[in-house]
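Q: Supplied structure: model-v7.tsv, TSV, C-alpha atoms.
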chain	number	residue	atom	x	y	z
A	187	MET	CA	75.02	71.73	124.32
A	188	ALA	CA	73.30	69.64	121.66
A	189	THR	CA	74.41	66.04	121.47
A	190	GLN	CA	74.02	63.23	118.97
A	191	SER	CA	75.23	59.70	118.56
A	192	VAL	CA	78.83	59.85	117.41
A	193	PRO	CA	81.86	57.62	117.83
A	194	SER	CA	83.04	57.35	121.42
A	195	ALA	CA	86.11	59.47	120.74
A	196	PHE	CA	87.01	62.43	118.59
A	197	VAL	CA	90.20	64.44	118.34
A	198	ILE	CA	89.02	67.98	117.81
A	199	THR	CA	85.85	70.05	117.60
A	200	PRO	CA	85.08	72.35	114.66
A	201	GLU	CA	85.60	75.41	116.88
A	202	ALA	CA	89.04	74.25	118.02
A	203	PHE	CA	90.00	73.28	114.48
A	204	LEU	CA	89.22	76.76	113.16
A	205	ALA	CA	91.11	78.33	116.07
A	206	HIS	CA	94.10	76.09	115.24
A	207	TRP	CA	93.98	77.18	111.60
A	208	GLN	CA	93.63	80.86	112.40
A	209	GLY	CA	96.66	80.50	114.67
A	210	HIS	CA	98.64	79.13	111.74
A	211	ARG	CA	97.31	81.93	109.55
A	212	ARG	CA	98.53	84.56	112.03
A	213	LEU	CA	101.98	82.98	111.82
A	214	THR	CA	101.90	82.87	108.00
A	215	ARG	CA	100.87	86.54	107.98
A	216	ARG	CA	103.98	87.36	110.00
A	217	ALA	CA	106.09	85.39	107.51
A	218	ILE	CA	104.62	87.45	104.62
A	219	GLU	CA	105.34	90.66	106.53
A	220	ALA	CA	108.92	89.54	107.14
A	221	PHE	CA	109.70	89.50	103.41
A	222	PRO	CA	111.11	92.69	101.93
A	223	GLU	CA	108.60	94.04	99.43
A	224	ASP	CA	111.01	93.64	96.53
A	225	GLN	CA	111.78	89.98	97.35
A	226	LEU	CA	108.25	88.67	97.88
A	227	PHE	CA	107.62	88.00	94.20
A	228	SER	CA	111.19	87.63	93.01
A	229	PHE	CA	113.36	85.70	95.46
A	230	SER	CA	113.41	81.93	95.46
A	231	VAL	CA	115.72	78.97	96.00
A	232	GLY	CA	116.24	76.02	93.66
A	233	GLY	CA	113.94	77.37	90.96
A	234	MET	CA	110.86	77.17	93.18
A	235	ARG	CA	108.01	79.68	93.22
A	236	PRO	CA	108.62	82.88	95.20
A	237	PHE	CA	106.81	83.21	98.53
A	238	GLY	CA	104.30	85.72	97.16
A	239	ALA	CA	103.07	83.10	94.70
A	240	LEU	CA	102.79	80.57	97.52
A	241	ALA	CA	100.81	83.06	99.63
A	242	LEU	CA	98.45	83.65	96.70
A	243	GLU	CA	97.93	79.89	96.46
A	244	MET	CA	97.01	79.81	100.16
A	245	LEU	CA	94.51	82.62	99.63
A	246	GLY	CA	93.11	80.89	96.55
A	247	MET	CA	92.41	77.76	98.60
A	248	ALA	CA	91.19	79.00	102.00
A	249	THR	CA	87.86	80.78	101.58
A	250	PRO	CA	86.90	78.92	98.37
A	251	THR	CA	87.37	75.56	100.12
A	252	VAL	CA	85.31	76.48	103.16
A	253	ARG	CA	82.65	78.09	100.97
A	254	GLY	CA	82.54	74.90	98.89
A	255	VAL	CA	82.20	72.79	102.02
A	256	VAL	CA	79.32	74.99	103.23
A	257	THR	CA	77.44	75.34	99.94
A	258	GLY	CA	78.45	72.31	97.88
A	259	GLU	CA	79.31	74.71	95.08
A	260	TRP	CA	82.91	74.98	94.04
A	261	ASP	CA	84.49	77.78	92.06
A	262	GLN	CA	87.28	76.91	89.70
A	263	TYR	CA	90.50	77.22	91.65
A	264	ALA	CA	92.30	80.52	90.97
A	265	ALA	CA	95.37	81.89	92.73
A	266	GLY	CA	94.58	85.54	92.08
A	267	GLU	CA	96.89	88.26	90.87
A	268	ASP	CA	97.87	90.60	93.68
A	269	ARG	CA	101.33	91.95	93.23
A	270	SER	CA	102.10	93.94	96.34
A	271	ARG	CA	102.68	92.85	99.92
A	272	ALA	CA	100.05	95.31	101.17
A	273	GLU	CA	97.41	93.85	98.85
A	274	ILE	CA	98.20	90.32	99.95
A	275	LEU	CA	98.04	91.28	103.63
A	276	GLN	CA	94.69	92.99	103.00
A	277	ARG	CA	93.32	89.87	101.28
A	278	TRP	CA	94.77	87.83	104.15
A	279	ASP	CA	92.74	89.81	106.69
A	280	GLU	CA	89.60	89.65	104.56
A	281	THR	CA	90.03	85.87	104.39
A	282	THR	CA	90.35	85.76	108.18
A	283	GLU	CA	86.93	87.40	108.48
A	284	GLN	CA	85.40	85.24	105.74
A	285	LEU	CA	86.55	82.06	107.50
A	286	GLU	CA	85.06	83.22	110.80
A	287	SER	CA	81.78	83.93	109.05
A	288	LEU	CA	81.59	80.79	106.91
A	289	TRP	CA	82.89	78.20	109.37
A	290	PRO	CA	79.88	78.08	111.73
A	291	GLN	CA	77.70	77.44	108.65
A	292	ILE	CA	79.31	74.03	108.06
A	293	PRO	CA	76.63	71.46	108.93
A	294	PRO	CA	77.80	69.25	111.84
A	295	GLU	CA	77.67	66.02	109.84
A	296	ARG	CA	79.49	67.54	106.84
A	297	PHE	CA	83.00	66.89	108.19
A	298	GLN	CA	82.58	63.13	107.74
A	299	GLU	CA	80.98	63.38	104.30
A	300	THR	CA	82.84	62.98	101.00
A	301	MET	CA	83.03	65.94	98.62
A	302	THR	CA	85.00	66.78	95.48
A	303	ALA	CA	86.87	70.04	96.00
A	304	PHE	CA	87.18	72.30	92.96
A	305	GLY	CA	85.75	69.50	90.83
A	306	MET	CA	89.03	67.59	91.17
A	307	TYR	CA	89.96	66.50	94.68
A	308	LYS	CA	87.66	63.89	96.17
A	309	GLY	CA	87.88	62.94	99.84
A	310	PRO	CA	86.33	63.20	103.28
A	311	VAL	CA	85.74	66.84	104.16
A	312	TYR	CA	88.04	66.64	107.18
A	313	GLU	CA	90.85	65.59	104.79
A	314	LEU	CA	90.04	68.42	102.34
A	315	LEU	CA	90.25	70.93	105.19
A	316	LEU	CA	93.42	69.42	106.64
A	317	TYR	CA	94.96	69.58	103.16
A	318	VAL	CA	94.49	73.34	103.02
A	319	ILE	CA	96.19	73.81	106.39
A	320	ASP	CA	98.93	71.27	105.62
A	321	ASN	CA	99.63	73.00	102.30
A	322	GLU	CA	99.96	76.32	104.11
A	323	ILE	CA	102.40	74.85	106.67
A	324	HIS	CA	104.38	73.14	103.88
A	325	HIS	CA	104.84	76.28	101.83
A	326	ARG	CA	105.40	78.52	104.83
A	327	GLY	CA	108.24	76.19	105.83
A	328	GLN	CA	109.72	76.85	102.39
A	329	GLY	CA	109.29	80.57	102.98
A	330	TYR	CA	111.33	80.18	106.16
A	331	VAL	CA	114.23	78.86	104.09
A	332	TYR	CA	113.93	81.81	101.70
A	333	LEU	CA	113.98	84.22	104.65
A	334	ARG	CA	117.05	82.54	106.15
A	335	ALA	CA	118.76	82.61	102.76
A	336	LEU	CA	118.00	86.37	102.70
A	337	GLY	CA	119.57	86.74	106.14
A	338	ILE	CA	116.21	87.40	107.82
A	339	GLU	CA	115.12	85.56	110.97
A	340	PRO	CA	111.66	84.01	110.43
A	341	PRO	CA	108.91	84.38	113.06
A	342	GLY	CA	108.92	81.76	115.83
A	343	PHE	CA	107.15	78.64	114.56
A	344	TRP	CA	105.50	77.95	117.92
A	345	VAL	CA	103.99	81.43	118.31
A	346	ARG	CA	100.39	81.44	117.09
A	347	ASP	CA	98.72	84.37	118.84
B	1	MET	CA	80.04	51.21	118.03
B	2	ALA	CA	80.16	52.66	121.54
B	3	THR	CA	78.69	56.11	121.94
B	4	GLN	CA	78.79	58.80	124.57
B	5	SER	CA	77.57	62.32	124.99
B	6	VAL	CA	79.89	64.60	123.05
B	7	PRO	CA	79.52	67.92	121.24
B	8	SER	CA	77.19	67.74	118.27
B	9	ALA	CA	80.05	68.05	115.79
B	10	PHE	CA	83.60	66.89	115.55
B	11	VAL	CA	86.13	67.15	112.75
B	12	ILE	CA	88.03	63.89	112.90
B	13	THR	CA	88.10	60.60	114.77
B	14	PRO	CA	91.25	59.24	116.42
B	15	GLU	CA	91.49	56.48	113.80
B	16	ALA	CA	91.32	58.95	110.90
B	17	PHE	CA	93.78	61.28	112.62
B	18	LEU	CA	96.37	58.52	112.96
B	19	ALA	CA	95.80	57.49	109.33
B	20	HIS	CA	96.33	61.11	108.28
B	21	TRP	CA	99.58	61.28	110.26
B	22	GLN	CA	100.88	57.97	108.93
B	23	GLY	CA	100.16	59.25	105.41
B	24	HIS	CA	102.33	62.28	106.13
B	25	ARG	CA	104.98	60.00	107.60
B	26	ARG	CA	105.07	57.91	104.43
B	27	LEU	CA	105.68	61.09	102.47
B	28	THR	CA	108.41	62.25	104.85
B	29	ARG	CA	110.06	58.83	104.55
B	30	ARG	CA	110.20	59.31	100.78
B	31	ALA	CA	111.78	62.75	101.29
B	32	ILE	CA	114.47	61.18	103.52
B	33	GLU	CA	115.12	58.50	100.89
B	34	ALA	CA	115.41	61.17	98.19
B	35	PHE	CA	118.45	62.74	99.88
B	36	PRO	CA	121.83	61.45	98.77
B	37	GLU	CA	123.48	59.76	101.75
B	38	ASP	CA	126.34	62.25	101.80
B	39	GLN	CA	124.02	65.29	101.84
B	40	LEU	CA	121.55	64.21	104.50
B	41	PHE	CA	123.68	65.48	107.39
B	42	SER	CA	125.73	68.08	105.58
B	43	PHE	CA	123.66	70.07	103.05
B	44	SER	CA	121.60	73.04	104.13
B	45	VAL	CA	120.46	76.46	102.96
B	46	GLY	CA	120.77	79.72	104.87
B	47	GLY	CA	122.65	78.21	107.79
B	48	MET	CA	119.71	76.02	108.81
B	49	ARG	CA	119.97	72.48	110.15
B	50	PRO	CA	120.49	69.73	107.55
B	51	PHE	CA	117.50	67.49	106.82
B	52	GLY	CA	118.95	64.55	108.76
B	53	ALA	CA	118.85	66.65	111.93
B	54	LEU	CA	115.26	67.64	111.18
B	55	ALA	CA	114.31	63.98	110.64
B	56	LEU	CA	115.91	63.09	113.98
B	57	GLU	CA	113.82	65.80	115.62
B	58	MET	CA	110.68	64.28	114.10
B	59	LEU	CA	111.67	60.85	115.45
B	60	GLY	CA	112.46	62.35	118.85
B	61	MET	CA	108.95	63.79	119.06
B	62	ALA	CA	106.64	61.14	117.55
B	63	THR	CA	106.64	58.05	119.75
B	64	PRO	CA	107.64	59.91	122.93
B	65	THR	CA	104.67	62.29	122.53
B	66	VAL	CA	102.13	59.54	121.97
B	67	ARG	CA	103.63	57.47	124.78
B	68	GLY	CA	103.38	60.51	127.05
B	69	VAL	CA	99.76	61.05	126.03
B	70	VAL	CA	98.98	57.39	126.80
B	71	THR	CA	100.89	57.05	130.07
B	72	GLY	CA	101.13	60.58	131.45
B	73	GLU	CA	104.86	59.99	131.81
B	74	TRP	CA	107.17	62.08	129.67
B	75	ASP	CA	110.77	61.35	128.88
B	76	GLN	CA	113.11	64.26	128.49
B	77	TYR	CA	113.08	65.22	124.82
B	78	ALA	CA	116.09	63.82	122.94
B	79	ALA	CA	116.70	63.93	119.19
B	80	GLY	CA	118.91	60.84	119.09
B	81	GLU	CA	122.18	60.35	117.31
B	82	ASP	CA	121.74	58.23	114.19
B	83	ARG	CA	124.14	59.23	111.50
B	84	SER	CA	123.24	57.16	108.46
B	85	ARG	CA	120.20	57.29	106.18
B	86	ALA	CA	119.62	53.55	106.66
B	87	GLU	CA	119.55	53.90	110.45
B	88	ILE	CA	117.08	56.77	110.24
B	89	LEU	CA	114.82	54.85	107.87
B	90	GLN	CA	114.94	51.86	110.21
B	91	ARG	CA	113.98	54.05	113.18
B	92	TRP	CA	111.27	55.60	110.99
B	93	ASP	CA	109.71	52.18	110.39
B	94	GLU	CA	110.00	51.21	114.04
B	95	THR	CA	108.20	54.43	114.94
B	96	THR	CA	105.45	53.59	112.45
B	97	GLU	CA	104.83	50.33	114.32
B	98	GLN	CA	105.08	51.99	117.73
B	99	LEU	CA	102.47	54.59	116.79
B	100	GLU	CA	100.09	51.87	115.55
B	101	SER	CA	100.52	50.03	118.82
B	102	LEU	CA	100.31	53.02	121.19
B	103	TRP	CA	97.56	55.03	119.49
B	104	PRO	CA	94.59	52.78	120.35
B	105	GLN	CA	95.68	52.97	124.01
B	106	ILE	CA	94.86	56.70	124.19
B	107	PRO	CA	91.76	56.97	126.41
B	108	PRO	CA	88.85	58.49	124.43
B	109	GLU	CA	88.49	61.53	126.70
B	110	ARG	CA	92.24	62.24	126.71
B	111	PHE	CA	92.25	64.28	123.47
B	112	GLN	CA	90.34	67.11	125.17
B	113	GLU	CA	92.43	67.05	128.37
B	114	THR	CA	95.36	69.35	129.08
B	115	MET	CA	98.82	67.87	129.50
B	116	THR	CA	102.38	69.21	129.68
B	117	ALA	CA	104.51	67.54	127.01
B	118	PHE	CA	108.13	66.84	127.95
B	119	GLY	CA	107.60	68.87	131.13
B	120	MET	CA	107.56	72.06	129.06
B	121	TYR	CA	104.72	72.40	126.56
B	122	LYS	CA	101.28	72.74	128.14
B	123	GLY	CA	98.13	72.51	126.06
B	124	PRO	CA	95.12	70.44	125.05
B	125	VAL	CA	96.25	67.00	123.90
B	126	TYR	CA	94.79	67.56	120.43
B	127	GLU	CA	97.06	70.60	120.09
B	128	LEU	CA	100.11	68.68	121.33
B	129	LEU	CA	99.46	65.98	118.72
B	130	LEU	CA	98.78	68.50	115.93
B	131	TYR	CA	102.02	70.24	116.84
B	132	VAL	CA	104.03	67.08	116.17
B	133	ILE	CA	102.44	66.66	112.73
B	134	ASP	CA	102.66	70.38	111.92
B	135	ASN	CA	106.33	70.40	112.89
B	136	GLU	CA	106.96	67.45	110.56
B	137	ILE	CA	105.18	69.19	107.66
B	138	HIS	CA	107.06	72.44	108.36
B	139	HIS	CA	110.49	70.83	108.35
B	140	ARG	CA	109.71	68.52	105.45
B	141	GLY	CA	108.78	71.61	103.42
B	142	GLN	CA	112.26	72.92	104.21
B	143	GLY	CA	113.71	69.61	103.07
B	144	TYR	CA	111.91	70.08	99.76
B	145	VAL	CA	113.83	73.33	99.24
B	146	TYR	CA	117.11	71.56	100.03
B	147	LEU	CA	116.26	68.84	97.50
B	148	ARG	CA	115.38	71.39	94.82
B	149	ALA	CA	118.61	73.28	95.57
B	150	LEU	CA	120.44	69.96	95.05
B	151	GLY	CA	118.69	69.52	91.70
B	152	ILE	CA	116.51	66.65	93.00
B	153	GLU	CA	112.75	66.56	92.45
B	154	PRO	CA	110.96	66.03	95.80
B	155	PRO	CA	108.18	63.43	96.15
B	156	GLY	CA	104.67	64.67	95.27
B	157	PHE	CA	103.22	66.52	98.25
B	158	TRP	CA	99.72	65.16	97.66
B	159	VAL	CA	100.76	61.48	97.52
B	160	ARG	CA	100.31	59.87	100.92
B	161	ASP	CA	99.97	56.15	100.25
Once more with this new file: its structure as structure tokens, please.
A:
Amino acid sequence: MATQSVPSAFVITPEAFLAHWQGHRRLTRRAIEAFPEDQLFSFSVGGMRPFGALALEMLGMATPTVRGVVTGEWDQYAAGEDRSRAEILQRWDETTEQLESLWPQIPPERFQETMTAFGMYKGPVYELLLYVIDNEIHHRGQGYVYLRALGIEPPGFWVRD
Amino acid sequence: MATQSVPSAFVITPEAFLAHWQGHRRLTRRAIEAFPEDQLFSFSVGGMRPFGALALEMLGMATPTVRGVVTGEWDQYAAGEDRSRAEILQRWDETTEQLESLWPQIPPERFQETMTAFGMYKGPVYELLLYVIDNEIHHRGQGYVYLRALGIEPPGFWVRD
């Protein structure tokens, strides 16, 4: 395995980080599947966005962020316009493949560099990537409340396979 | 800076990881403060736990997990029994200090080792630590729905200082 001079400790490798994210994405996929088709873009609590809109936001961030980190070129952020659960799940699976393909192209030193995501969000790349995952967890947690309010048991939070 | 032979890429250093977590914890603290005292342990949506119970869970996991990672000794998990917002905020701030004190004591190689948290949850240490943060984000997202349902605007998700 190639080595270079790096700080004496690190928390997580790129490979493990992607695996962690894909685990979260499998869980989020199950949360999308748990919504009845007719509630995904209509039901909400407290005037918030419905879960379908939140899922579109996740899709709009995932591949474009990693592509931006790889290439240094950032599209304008766009949430997309799917309007059926099946379309969202299909885009979800396409994103899964895109992440697997793009991720190994991130140069090793890139994670510690500073970039400006979507021309707006400036920070260390590790923070930009964590933000995408954190945002997914945040909104999925909201989806769990919607599911409970609909009388549906959400998928187990700790199950990631 | 001390160096050792490690994989050629890593995502995040221990120092940056703790800073990321403490940023999330500042945000969660603001979410706790945003709840009216009389709703923190009573209001919920869909039969879920009220946000005070979720905050107690976060407190029950944070310091005990990092202490376990440092010492290899794990207390039995306990959520604690505070019942006022002021007590929870005080414990929150004590935990902030405890994490700052304990974190640098984690041996550099420990993050990649496997441990069993609270005698029950076995995994790489980086996953055990991510789980604590992810769980906080997940439940805080639920708290945001409660706040919106109460007609209260939650703190900005992207603000971490």
Q: One number please: CA of Leu240 (chain A) to CA of Arg216 (chain A), in Å, one decimal.
A: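 Interatomic distance here is 14.3 Å.
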Q: How many Å separate CA of Pro222 (chain A) from CA of Leu333 (chain A)?
A: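 CA of Leu333 (chain A) lies 9.3 Å from CA of Pro222 (chain A).
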Q: When you draw a straight line from CA of Glu15 (chain B) to CA of Glu73 (chain B), how long is it in Å?
A: 22.7 Å
Q: Output as a PyMOL selection string the set of chain A residues within 9 Å of chain B, with distances taken over all atoms listed in the file.
A: chain A and resi 187-201+203+206+231-234+293-298+311-313+316-317+320-321+323-337+343-344
Q: If we count only C-alpha atoms and set the cut-off at 12 Å, which residues sit around Glu273 (chain A), ignoring sequence neighbours fewer than 2 positions away in its own chain? Please answer as a list in words.
A: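 The contact residues come out as Ile218, Glu219, Glu223, Gly238, Ala241, Leu242, Leu245, Gly266, Glu267, Asp268, Arg269, Ser270, Arg271, Leu275, Gln276, Arg277, Trp278, Asp279 and Glu280 of chain A.
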Q: Counting only C-alpha atoms, which of A:Arg346, A:Ala248, A:Ser228, A:Ala220 gets nearest to Glu283 (chain A)?
A: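 Residue with the minimum atom-to-atom distance to Glu283 (chain A): A:Ala248.
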Q: Using all atoms listed in the file, determine which residues lie at most 12 Å from Thr257 (chain A), disregarding the query and same-chain residues fewer than 2 positions distant; provide the list as a PyMOL selection string.
A: chain A and resi 249-255+259-261+288-289+291-293+296+301+303
